[in-house]
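**Student:** Input coords11.cif, format and content: mmCIF, C-alpha atoms.
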```cif
data_input
#
loop_
_atom_site.label_atom_id
_atom_site.label_comp_id
_atom_site.auth_asym_id
_atom_site.auth_seq_id
_atom_site.Cartn_x
_atom_site.Cartn_y
_atom_site.Cartn_z
CA MET S 94 -66.15 42.40 46.12
CA ASN S 95 -69.01 41.56 48.49
CA GLN S 96 -72.32 43.39 48.73
CA SER S 97 -71.31 45.79 51.53
CA ASP S 98 -68.23 46.80 49.51
CA ASP S 99 -70.55 47.56 46.60
CA VAL S 100 -72.81 49.70 48.77
CA PHE S 101 -69.84 51.55 50.20
CA SER S 102 -68.34 52.10 46.76
CA ILE S 103 -71.63 53.46 45.39
CA HIS S 104 -71.97 55.73 48.43
CA ARG S 105 -68.48 57.14 47.84
CA ARG S 106 -69.11 57.61 44.15
CA VAL S 107 -72.44 59.36 44.77
CA TRP S 108 -70.93 61.61 47.44
CA GLU S 109 -68.29 62.65 44.92
CA LEU S 110 -70.91 63.31 42.21
CA ILE S 111 -73.20 65.48 44.34
CA PRO S 112 -71.69 68.88 43.32
CA TRP S 113 -72.02 68.03 39.63
CA VAL S 114 -75.63 66.96 40.11
CA VAL S 115 -76.28 70.19 42.03
CA ASN S 116 -74.76 72.35 39.27
CA GLY S 117 -76.58 70.40 36.55
CA ARG S 118 -73.45 69.04 34.87
CA ALA S 119 -73.69 65.33 35.79
CA SER S 120 -74.49 62.94 32.95
CA GLY S 121 -77.90 61.28 32.72
CA GLU S 122 -76.46 58.01 33.94
CA GLU S 123 -74.72 59.69 36.89
CA LEU S 124 -77.90 61.54 37.75
CA ARG S 125 -79.91 58.31 37.80
CA MET S 126 -77.34 56.63 40.04
CA VAL S 127 -77.36 59.57 42.47
CA GLU S 128 -81.16 59.76 42.57
CA GLU S 129 -81.43 56.07 43.27
CA HIS S 130 -78.89 56.27 46.08
CA LEU S 131 -80.37 59.42 47.64
CA ALA S 132 -83.67 57.63 48.08
CA SER S 133 -82.04 55.30 50.60
CA CYS S 134 -79.12 57.32 52.07
CA GLY S 135 -79.87 60.05 54.59
CA ASP S 136 -76.24 61.26 54.74
CA CYS S 137 -76.08 61.84 51.00
CA ARG S 138 -79.50 63.52 51.03
CA GLU S 139 -78.31 65.90 53.68
CA GLU S 140 -75.09 66.58 51.76
CA HIS S 141 -77.10 67.18 48.60
CA GLU S 142 -79.23 69.74 50.43
CA PHE S 143 -76.18 71.40 51.93
CA GLN S 144 -74.53 71.72 48.51
CA THR S 145 -77.77 72.95 46.94
CA ARG S 146 -77.96 75.74 49.52
CA LEU S 147 -74.29 76.52 49.10
CA ARG S 148 -74.67 76.80 45.34
CA ALA S 149 -77.78 78.98 45.69
CA ALA S 150 -75.90 81.33 48.00
CA MET S 151 -72.85 81.42 45.73
CA SER S 152 -74.66 81.88 42.44
CA ALA S 153 -77.08 84.60 43.56
CA GLU S 154 -76.10 88.05 42.36
CA PRO S 155 -75.62 90.48 45.27
CA ARG S 156 -77.59 93.16 43.45
CA PRO S 157 -79.31 93.61 40.09
CA GLU S 158 -77.19 94.81 37.21
CA SER S 159 -77.23 98.60 37.14
CA GLN S 160 -76.27 101.34 34.76
CA ALA S 161 -73.17 101.90 36.88
CA ASP S 162 -72.03 98.40 35.89
CA GLY S 163 -72.54 99.29 32.25
CA VAL S 164 -70.54 102.49 32.61
CA ALA S 165 -67.74 100.66 34.44
CA ALA S 166 -67.66 98.00 31.72
CA ALA S 167 -67.62 100.64 29.00
CA ALA S 168 -64.75 102.55 30.60
CA SER S 169 -62.81 99.36 31.13
CA LEU S 170 -63.39 98.33 27.52
CA GLN S 171 -62.17 101.71 26.30
CA ARG S 172 -58.94 101.26 28.24
CA LEU S 173 -58.54 97.85 26.61
CA TRP S 174 -59.08 99.30 23.12
CA GLN S 175 -56.46 101.94 23.85
CA ARG S 176 -54.05 99.22 24.81
CA ILE S 177 -54.89 97.02 21.82
CA ASP S 178 -54.66 99.91 19.36
CA GLY S 179 -51.46 101.19 20.94
CA GLU S 180 -49.83 97.80 20.64
CA GLU S 181 -51.19 96.90 17.21
CA GLU S 182 -50.19 100.04 15.38
CA PRO S 183 -46.49 99.30 14.77
CA ALA S 184 -46.84 95.63 13.84
CA LEU S 185 -50.25 95.36 12.27
CA PRO S 186 -50.80 91.90 10.76
CA VAL S 187 -51.06 91.89 6.96
CA VAL S 188 -54.71 90.87 6.91
CA ARG S 189 -55.74 93.54 9.37
CA ARG S 190 -53.66 96.20 7.62
CA ARG S 191 -55.52 95.51 4.38
CA ALA S 192 -58.82 95.54 6.16
CA SER S 193 -58.02 98.74 7.96
CA SER S 194 -56.94 100.56 4.80
CA SER S 195 -60.16 99.69 3.02
CA PHE S 196 -62.20 100.82 6.01
CA ALA S 197 -59.91 103.65 7.01
CA ARG S 198 -62.67 106.20 7.16
CA GLY S 199 -64.91 103.99 9.24
CA LEU S 200 -62.07 103.14 11.57
CA LEU S 201 -61.16 106.76 12.03
CA LEU S 202 -64.77 107.56 12.86
CA ALA S 203 -64.87 104.66 15.30
CA VAL S 204 -61.73 105.91 17.03
CA LEU S 205 -63.20 109.40 17.26
CA ILE S 206 -66.40 108.06 18.77
CA GLU S 207 -64.37 105.98 21.19
CA ALA S 208 -62.34 109.03 22.15
CA VAL S 209 -65.53 110.90 22.99
CA GLY S 210 -66.69 107.87 24.97
CA ILE S 211 -63.42 107.78 26.87
CA VAL S 212 -63.76 111.40 27.92
CA ALA S 213 -67.37 110.99 28.96
CA LEU S 214 -67.07 107.68 30.69
CA SER S 215 -63.81 108.46 32.44
CA ALA S 216 -65.39 111.61 33.82
CA ALA S 217 -68.36 109.58 35.03
CA LEU S 218 -66.06 107.07 36.67
CA TRP S 219 -63.89 109.67 38.33
CA THR S 220 -66.81 110.98 40.21
CA ARG S 221 -67.28 107.57 41.82
CA ASP S 222 -63.79 106.14 42.19
CA SER S 223 -60.93 107.37 44.27
CA PRO S 224 -57.51 107.31 42.59
CA ARG S 225 -55.92 103.89 42.67
CA PRO S 226 -52.26 103.21 43.23
CA GLY S 227 -50.71 101.62 40.20
CA ALA S 228 -53.64 102.51 37.96
CA PRO S 229 -52.76 103.50 34.38
CA LEU S 230 -51.84 107.15 34.06
CA TYR S 231 -54.01 107.89 31.05
CA ARG S 232 -56.94 109.11 33.15
CA THR S 233 -55.93 112.68 32.46
CA LEU S 234 -58.57 113.80 30.02
CA SER S 235 -60.47 116.42 31.97
CA ALA S 236 -61.08 117.52 35.50
CA PRO S 237 -64.08 115.89 37.21
CA ALA S 238 -64.63 118.76 39.61
CA GLU S 239 -65.61 121.16 36.86
CA GLY S 240 -67.79 118.51 35.18
CA ALA S 241 -70.93 118.44 37.29
CA SER S 242 -71.28 122.20 37.32
CA ARG S 243 -71.24 122.27 33.50
CA ALA S 244 -74.17 119.87 33.23
CA THR S 245 -77.09 121.17 31.22
CA ILE S 246 -79.24 118.03 30.99
CA ARG S 247 -80.33 115.29 33.35
CA ALA S 248 -81.19 111.94 31.82
CA VAL S 249 -82.21 108.47 32.88
CA LEU S 250 -81.31 105.71 30.43
CA GLN S 251 -83.10 102.49 29.68
CA PRO S 252 -81.24 99.46 31.04
CA THR S 253 -81.40 98.01 27.53
CA LEU S 254 -79.31 100.80 26.02
CA THR S 255 -76.05 99.29 24.82
CA LEU S 256 -72.62 100.84 25.08
CA GLY S 257 -72.46 101.35 21.33
CA GLU S 258 -75.86 103.06 21.24
CA LEU S 259 -74.92 105.29 24.17
CA GLN S 260 -71.68 106.33 22.48
CA ALA S 261 -73.42 107.02 19.18
CA LEU S 262 -76.18 108.99 20.90
CA LEU S 263 -73.75 111.13 22.89
CA GLU S 264 -71.74 111.76 19.75
CA ARG S 265 -74.80 112.78 17.73
CA ALA S 266 -76.06 115.06 20.45
CA GLN S 267 -72.50 116.35 21.06
CA LEU S 268 -72.80 115.62 24.74
CA GLN S 269 -70.66 113.98 27.37
CA ILE S 270 -71.42 112.45 30.75
CA VAL S 271 -70.06 114.72 33.44
CA ALA S 272 -71.59 113.12 36.52
CA GLY S 273 -73.70 110.20 37.61
CA PRO S 274 -75.31 107.87 37.60
CA SER S 275 -76.71 109.01 40.92
CA ASP S 276 -78.35 106.54 43.29
CA ALA S 277 -81.52 107.12 41.31
CA GLY S 278 -79.70 106.34 38.04
CA VAL S 279 -79.62 109.96 36.85
CA TYR S 280 -76.80 111.05 34.53
CA SER S 281 -75.65 114.64 34.22
CA LEU S 282 -74.78 115.52 30.65
CA ALA S 283 -72.94 118.56 29.33
CA PRO S 284 -72.01 119.83 25.88
CA GLN S 285 -68.62 118.65 24.68
CA PRO S 286 -65.97 121.14 25.90
CA ALA S 287 -65.07 122.32 22.39
CA LEU S 288 -68.59 123.58 21.82
CA ALA S 289 -69.99 126.91 22.90
CA VAL S 290 -72.51 126.52 25.69
CA ALA S 291 -75.46 127.40 23.54
CA SER S 292 -78.95 126.07 23.98
CA ALA S 293 -79.36 122.54 25.28
CA GLN S 294 -82.57 122.20 23.27
CA PRO S 295 -81.31 120.38 20.12
CA ALA S 296 -79.38 117.88 22.21
CA LEU S 297 -82.36 117.49 24.52
CA ALA S 298 -84.64 116.76 21.59
CA GLN S 299 -82.26 114.08 20.31
CA LEU S 300 -82.12 112.42 23.71
CA ARG S 301 -85.89 112.50 24.09
CA ALA S 302 -86.38 111.01 20.64
CA HIS S 303 -84.15 108.04 21.43
CA PRO S 304 -85.95 104.90 22.66
CA GLY S 305 -83.00 104.10 24.98
CA VAL S 306 -83.59 107.25 27.05
CA ARG S 307 -86.26 107.01 29.69
CA PHE S 308 -86.39 110.75 30.27
CA ALA S 309 -84.25 113.81 29.75
CA GLU S 310 -84.79 117.25 31.21
CA PRO S 311 -82.87 120.52 31.10
CA ILE S 312 -81.10 121.46 34.30
CA ASP S 313 -82.20 124.70 35.85
CA ALA S 314 -78.98 126.67 36.29
CA ALA S 315 -80.10 127.69 39.75
CA ARG S 316 -80.24 124.08 40.93
CA PRO S 317 -77.16 121.95 41.56
CA ALA S 318 -76.59 118.87 39.41
CA PRO S 319 -77.00 115.47 41.11
CA MET G 199 -86.17 65.50 50.62
CA ARG G 200 -87.15 63.08 47.94
CA ALA G 201 -84.80 61.92 45.26
CA GLU G 202 -86.96 63.47 42.53
CA ALA G 203 -86.04 66.91 43.85
CA VAL G 204 -82.48 66.55 42.51
CA THR G 205 -81.64 69.41 40.18
CA PRO G 206 -81.90 68.01 36.67
CA PRO G 207 -79.22 68.82 34.12
CA GLN G 208 -80.26 71.30 31.45
CA PRO G 209 -79.10 69.80 28.19
CA GLY G 210 -78.79 72.20 25.30
CA THR G 211 -78.27 75.37 27.29
CA LYS G 212 -74.48 75.16 27.36
CA ALA G 213 -74.42 74.05 23.74
CA ALA G 214 -76.61 76.96 22.64
CA ASP G 215 -74.42 79.42 24.57
CA ASN G 216 -71.36 77.88 23.01
CA ASP G 217 -72.71 78.15 19.46
CA ARG G 218 -73.34 81.83 20.01
CA GLU G 219 -69.95 82.45 21.61
CA LEU G 220 -68.19 80.44 18.91
CA ALA G 221 -69.82 82.55 16.20
CA LEU G 222 -68.70 85.71 18.02
CA LEU G 223 -65.18 84.38 18.48
CA ARG G 224 -64.88 83.54 14.77
CA LEU G 225 -65.77 87.16 13.99
CA VAL G 226 -63.31 88.39 16.62
CA ALA G 227 -60.61 86.34 14.87
CA GLN G 228 -61.34 88.37 11.74
CA GLY G 229 -60.90 91.63 13.67
CA ASP G 230 -64.62 92.33 14.21
CA ARG G 231 -64.73 94.89 17.00
CA GLN G 232 -68.46 94.76 17.51
CA ALA G 233 -68.35 91.01 18.08
CA PHE G 234 -65.49 91.52 20.51
CA GLU G 235 -67.45 94.14 22.44
CA THR G 236 -70.45 91.82 22.63
CA LEU G 237 -68.31 89.02 24.02
CA TYR G 238 -66.66 91.44 26.44
CA ALA G 239 -70.02 92.70 27.67
CA ASP G 240 -71.22 89.10 28.10
CA TYR G 241 -68.29 88.25 30.32
CA TYR G 242 -67.44 91.50 32.08
CA ARG G 243 -69.78 91.20 35.04
CA ARG G 244 -69.63 87.46 35.71
CA LEU G 245 -65.87 87.40 35.22
CA GLY G 246 -65.62 90.31 37.64
CA ARG G 247 -67.82 88.49 40.16
CA PHE G 248 -65.78 85.32 39.74
CA LEU G 249 -62.50 87.19 40.19
CA ALA G 250 -63.87 89.01 43.24
CA ARG G 251 -63.71 85.67 45.04
CA LEU G 252 -60.00 85.52 44.30
CA THR G 253 -58.95 89.06 45.15
CA GLN G 254 -60.47 92.03 46.95
CA ARG G 255 -58.62 94.61 44.87
CA GLN G 256 -60.89 96.06 42.21
CA GLU G 257 -58.01 97.37 40.11
CA LEU G 258 -56.53 93.85 39.94
CA ILE G 259 -59.90 92.48 38.86
CA GLU G 260 -60.10 94.95 35.99
CA GLU G 261 -56.50 94.25 35.08
CA ALA G 262 -57.17 90.50 34.95
CA VAL G 263 -60.38 90.96 32.92
CA ASN G 264 -58.59 93.16 30.38
CA ASP G 265 -55.52 90.90 30.24
CA THR G 266 -57.91 88.03 29.53
CA PHE G 267 -59.68 89.84 26.72
CA TRP G 268 -56.43 91.16 25.31
CA VAL G 269 -55.47 87.49 24.83
CA VAL G 270 -58.93 86.71 23.41
CA TRP G 271 -58.43 89.48 20.82
CA GLN G 272 -54.92 88.33 19.96
CA LYS G 273 -55.49 84.57 19.97
CA GLY G 274 -59.12 84.23 18.92
CA GLY G 275 -57.97 82.79 15.59
CA GLU G 276 -56.05 80.02 17.33
CA PHE G 277 -59.11 78.58 19.06
CA ARG G 278 -59.74 75.20 17.47
CA GLY G 279 -63.01 74.34 19.16
CA ASP G 280 -61.56 71.49 21.24
CA SER G 281 -63.43 72.81 24.27
CA LEU G 282 -66.31 75.17 24.98
CA VAL G 283 -65.50 78.81 24.31
CA SER G 284 -66.34 79.59 27.94
CA THR G 285 -63.83 76.97 29.12
CA TRP G 286 -61.17 78.48 26.88
CA ILE G 287 -61.88 82.03 28.09
CA MET G 288 -62.02 80.99 31.76
CA GLY G 289 -58.70 79.16 31.35
CA ILE G 290 -57.13 82.36 30.05
CA ALA G 291 -58.79 84.31 32.88
CA TYR G 292 -57.42 81.91 35.49
CA ARG G 293 -53.87 82.14 34.15
CA CYS G 294 -54.04 85.93 33.82
CA THR G 295 -55.39 86.21 37.35
CA LEU G 296 -52.66 84.04 38.85
CA LYS G 297 -50.07 86.17 37.06
CA THR G 298 -51.68 89.39 38.28
CA LEU G 299 -51.95 88.10 41.86
CA ARG G 300 -48.35 86.87 41.89
CA ARG G 301 -47.20 90.29 40.77
CA ALA G 302 -49.38 92.02 43.36
CA GLY G 303 -48.17 89.82 46.24
CA GLY G 304 -49.82 87.37 48.62
CA ALA G 305 -52.07 89.85 50.40
CA ALA G 306 -53.96 90.36 47.13
CA THR G 307 -55.67 86.98 47.34
CA GLU G 308 -58.19 87.97 49.99
CA PRO G 309 -61.61 87.84 48.32
CA LEU G 310 -63.70 90.92 47.90
CA VAL G 311 -66.30 91.53 50.58
CA GLU G 312 -69.43 92.20 48.58
CA GLU G 313 -71.66 95.08 49.44
CA TYR G 314 -75.30 94.25 49.31
CA GLU G 315 -78.12 96.57 48.60
CA ASP G 316 -80.38 97.10 51.57
CA THR G 317 -83.59 96.09 49.89
CA GLY G 318 -85.82 95.87 52.90
CA THR G 319 -87.98 92.76 53.08
CA PRO G 320 -87.00 90.22 55.76
CA GLU G 321 -86.76 87.39 53.20
CA VAL G 322 -84.40 89.34 50.98
CA GLN G 323 -82.34 90.42 53.99
CA ALA G 324 -82.12 86.80 55.15
CA GLN G 325 -80.87 85.77 51.71
CA GLN G 326 -78.30 88.54 51.77
CA GLU G 327 -77.12 87.47 55.19
CA LEU G 328 -76.81 83.91 53.94
CA ARG G 329 -74.72 85.02 50.96
CA ASP G 330 -72.59 87.16 53.21
CA TRP G 331 -72.08 84.33 55.63
CA VAL G 332 -71.18 81.84 52.88
CA GLY G 333 -68.81 84.44 51.46
CA LYS G 334 -67.02 84.63 54.80
CA GLY G 335 -66.72 80.84 54.89
CA LEU G 336 -65.23 80.79 51.40
CA ARG G 337 -62.52 83.18 52.50
CA HIS G 338 -61.07 80.42 54.68
CA LEU G 339 -60.46 78.13 51.71
CA PRO G 340 -57.13 78.08 49.88
CA LEU G 341 -57.23 79.83 46.50
CA GLU G 342 -57.38 76.61 44.43
CA GLN G 343 -60.30 75.19 46.43
CA ARG G 344 -62.16 78.48 46.35
CA THR G 345 -61.63 78.71 42.58
CA THR G 346 -62.82 75.14 42.03
CA LEU G 347 -66.00 75.75 43.98
CA GLU G 348 -66.59 79.06 42.26
CA LEU G 349 -66.11 77.57 38.80
CA ALA G 350 -68.59 74.81 39.62
CA TYR G 351 -71.25 76.76 41.51
CA TYR G 352 -71.06 80.28 40.13
CA MET G 353 -69.83 79.64 36.59
CA GLY G 354 -71.51 76.23 36.24
CA HIS G 355 -68.54 74.32 34.80
CA SER G 356 -68.21 70.54 34.82
CA CYS G 357 -65.44 68.65 36.59
CA GLU G 358 -63.62 68.05 33.27
CA GLU G 359 -63.93 71.70 32.21
CA ILE G 360 -62.50 72.87 35.54
CA GLY G 361 -59.54 70.52 34.94
CA GLU G 362 -58.95 72.24 31.59
CA ILE G 363 -59.38 75.72 33.04
CA MET G 364 -57.04 75.14 35.97
CA ASP G 365 -54.70 72.96 33.91
CA CYS G 366 -54.89 70.01 36.29
CA SER G 367 -56.23 66.46 36.23
CA VAL G 368 -59.84 65.57 36.93
CA GLY G 369 -58.52 63.76 40.02
CA THR G 370 -57.05 67.01 41.31
CA VAL G 371 -60.37 68.83 40.72
CA LYS G 372 -62.19 66.12 42.66
CA ALA G 373 -59.67 66.28 45.50
CA ARG G 374 -59.95 70.08 45.72
CA MET G 375 -63.73 69.84 45.66
CA PHE G 376 -63.62 67.19 48.37
CA HIS G 377 -61.44 69.27 50.69
CA ALA G 378 -63.46 72.42 50.04
CA ARG G 379 -66.69 70.60 50.91
CA VAL G 380 -65.31 69.07 54.09
CA LYS G 381 -63.92 72.41 55.23
CA LEU G 382 -67.15 74.28 54.50
CA ARG G 383 -69.19 71.65 56.34
CA ASN G 384 -67.07 72.47 59.38
CA LEU G 385 -67.10 76.23 58.84
CA LEU G 386 -70.80 76.54 58.02
CA PRO G 387 -72.49 73.77 60.01
CA ALA G 388 -75.65 75.82 60.30
CA LEU G 389 -76.13 75.70 56.53
CA GLY G 390 -76.94 72.04 57.06
CA GLY G 391 -78.72 72.86 60.33
CA MET G 392 -80.99 75.29 58.53
CA THR G 393 -82.00 72.47 56.26
CA GLU G 394 -82.86 70.28 59.23
CA ARG G 395 -84.87 73.08 60.81
CA GLY G 396 -86.58 73.67 57.51
CA LYS G 397 -87.74 70.08 57.47
CA ALA G 398 -89.02 70.14 61.05
#
```
Once you've parsed the file, please lay out its structure as structure tokens.

**Tutor:**
Amino acid sequence: MNQSDDVFSIHRRVWELIPWVVNGRASGEELRMVEEHLASCGDCREEHEFQTRLRAAMSAEPRPESQADGVAAAASLQRLWQRIDGEEEPALPVVRRRASSSFARGLLLAVLIEAVGIVALSAALWTRDSPRPGAPLYRTLSAPAEGASRATIRAVLQPTLTLGELQALLERAQLQIVAGPSDAGVYSLAPQPALAVASAQPALAQLRAHPGVRFAEPIDAARPAP
Amino acid sequence: MRAEAVTPPQPGTKAADNDRELALLRLVAQGDRQAFETLYADYYRRLGRFLARLTQRQELIEEAVNDTFWVVWQKGGEFRGDSLVSTWIMGIAYRCTLKTLRRAGGAATEPLVEEYEDTGTPEVQAQQELRDWVGKGLRHLPLEQRTTLELAYYMGHSCEEIGEIMDCSVGTVKARMFHARVKLRNLLPALGGMTERGKA
């Protein structure tokens, strides 16, 4: 191989390596080779810049993560648990059966909390999503139209509040999400349907005491929910 | 541009992520629901974003995400640590997505057109336009090329990892990357042109 073959071969090799240098996954040796070549090759420099811009455009998030994303993830996860639990029940592996019998109470509680979450989160989702053809038919837990009008509390949650914390909080306060989040991130909360619509005060106090709740306020019955 | 401006690799980051994900996966294998939910939350958004480049149908995206994590729950105990956890999960996601798209028919493979928030400042708007424009260019690539590029540039996988994920040779990954790059250079010439203008 003569010298011009060598140059051409290095050029080809570098051109091929550029995406992996741009995404930070090239080895140290590859990186050194590319850097050395870029110093003397305008075509490869231009390609490197093109790929850098392409990667920047592709890896940028279109919008910051919002509470709506969290609610969508939570609802989706609940549907997955339903599926997993539905399929596991008849043929539970031996190890899991033993585990589940020793933690039966805890598991039952977890399922109950999940059920509450499903109701609340499905209602929240229904207010945003139109029905989808082919979607599972288990979105039949309550009617969204009646939800918003039942709301007794408005709340804005901290972005750091996890799904588990939200579920536990709603369960403790015996609330469910009936609408929202609005564009401003406001959730409308209502007492769980089984409960008499008494005072919202105890639930309100629990929400306000929780560090994951930015603010919570009672809804004036005269004003429409968001 | 000077050669020193090349993006340096970030050693340790992937390994640290993998240690964390491996610990979670070990717990998942023992039936730990909290660990599973943590892993699910970690992946939900970026997997959704990744899949949005492969199909525009939101219900198919959710189906593919949940099919993927159904397998993670069932097979977590079978993971032997031969690859990164993220490579293993993305491989499952890729297979689940192909299955979902096949079932849904060919029209399902149009990528999602992302909606951007109108955030006001000219710089931010220019960035959004750029993303939008690149997104339109990507739509012209065949599914395998689009996936390869997405795995490299959005998910940050190496050439070898993409071969594992897409169950193909490293040579095939390189060829797909090559064709994707050539096609995008033709579709988005101004992306290079902007660079030239930027230098002037």

**Student:** Applied to this file, what does the PyMOL selection byres ((chain S) within 9 of (chain G)) return in terms of residues, put as number ranges by chain?

**Tutor:** S: 109, 112-121, 124, 127-133, 138-156, 158, 162-163, 166-167, 169-170, 172-174, 176-177, 188-189, 192, 225-228, 256-257

**Student:** Env of Ala248 (chain S): 8 Å cut, atoms = only C-alpha atoms, seq-sep filter 2 positions within chain, self excluded. Answer as a PyMOL selection string.

**Tutor:** chain S and resi 246+250+279-282+306-310

**Student:** Hey, which of G:Thr346, G:Glu219, G:Thr253, G:Gly335 ends up closest to Gly274 (chain G)? Count all atoms listed in the file.

**Tutor:** G:Glu219

**Student:** Apply the PyMOL selection byres ((chain G and resi 299) around 12) to the structure shown and report the selected residues as a PyMOL selection string.

**Tutor:** chain G and resi 249+252-259+261-262+291-298+300-309+341

**Student:** Mind writing the picked residues with C-alpha atoms as a short mmCIF file (atom, residue, chain, number, x, y, z; two decimals), in the frame of the given file?

**Tutor:**
```
data_model
loop_
_atom_site.label_atom_id
_atom_site.label_comp_id
_atom_site.auth_asym_id
_atom_site.auth_seq_id
_atom_site.Cartn_x
_atom_site.Cartn_y
_atom_site.Cartn_z
CA LEU G 249 -62.50 87.19 40.19
CA LEU G 252 -60.00 85.52 44.30
CA THR G 253 -58.95 89.06 45.15
CA GLN G 254 -60.47 92.03 46.95
CA ARG G 255 -58.62 94.61 44.87
CA GLN G 256 -60.89 96.06 42.21
CA GLU G 257 -58.01 97.37 40.11
CA LEU G 258 -56.53 93.85 39.94
CA ILE G 259 -59.90 92.48 38.86
CA GLU G 261 -56.50 94.25 35.08
CA ALA G 262 -57.17 90.50 34.95
CA ALA G 291 -58.79 84.31 32.88
CA TYR G 292 -57.42 81.91 35.49
CA ARG G 293 -53.87 82.14 34.15
CA CYS G 294 -54.04 85.93 33.82
CA THR G 295 -55.39 86.21 37.35
CA LEU G 296 -52.66 84.04 38.85
CA LYS G 297 -50.07 86.17 37.06
CA THR G 298 -51.68 89.39 38.28
CA ARG G 300 -48.35 86.87 41.89
CA ARG G 301 -47.20 90.29 40.77
CA ALA G 302 -49.38 92.02 43.36
CA GLY G 303 -48.17 89.82 46.24
CA GLY G 304 -49.82 87.37 48.62
CA ALA G 305 -52.07 89.85 50.40
CA ALA G 306 -53.96 90.36 47.13
CA THR G 307 -55.67 86.98 47.34
CA GLU G 308 -58.19 87.97 49.99
CA PRO G 309 -61.61 87.84 48.32
CA LEU G 341 -57.23 79.83 46.50
#
```

**Student:** Mind pulling up the distance from CA of Leu259 (chain S) to CA of Ala168 (chain S)?

**Tutor:**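 Separation of CA of Ala168 (chain S) and CA of Leu259 (chain S): 12.3 Å.
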
**Student:** Out of G:Met288, G:Arg344, G:Lys273, G:Leu385, which residue has the shortest atom-to-atom distance to Glu359 (chain G) when counting all atoms listed in the file?

**Tutor:** G:Met288

**Student:** Which value, in Å to one decimal, gives the distance between CA of Leu268 (chain S) and CA of Gln251 (chain S)?

**Tutor:** 17.4 Å
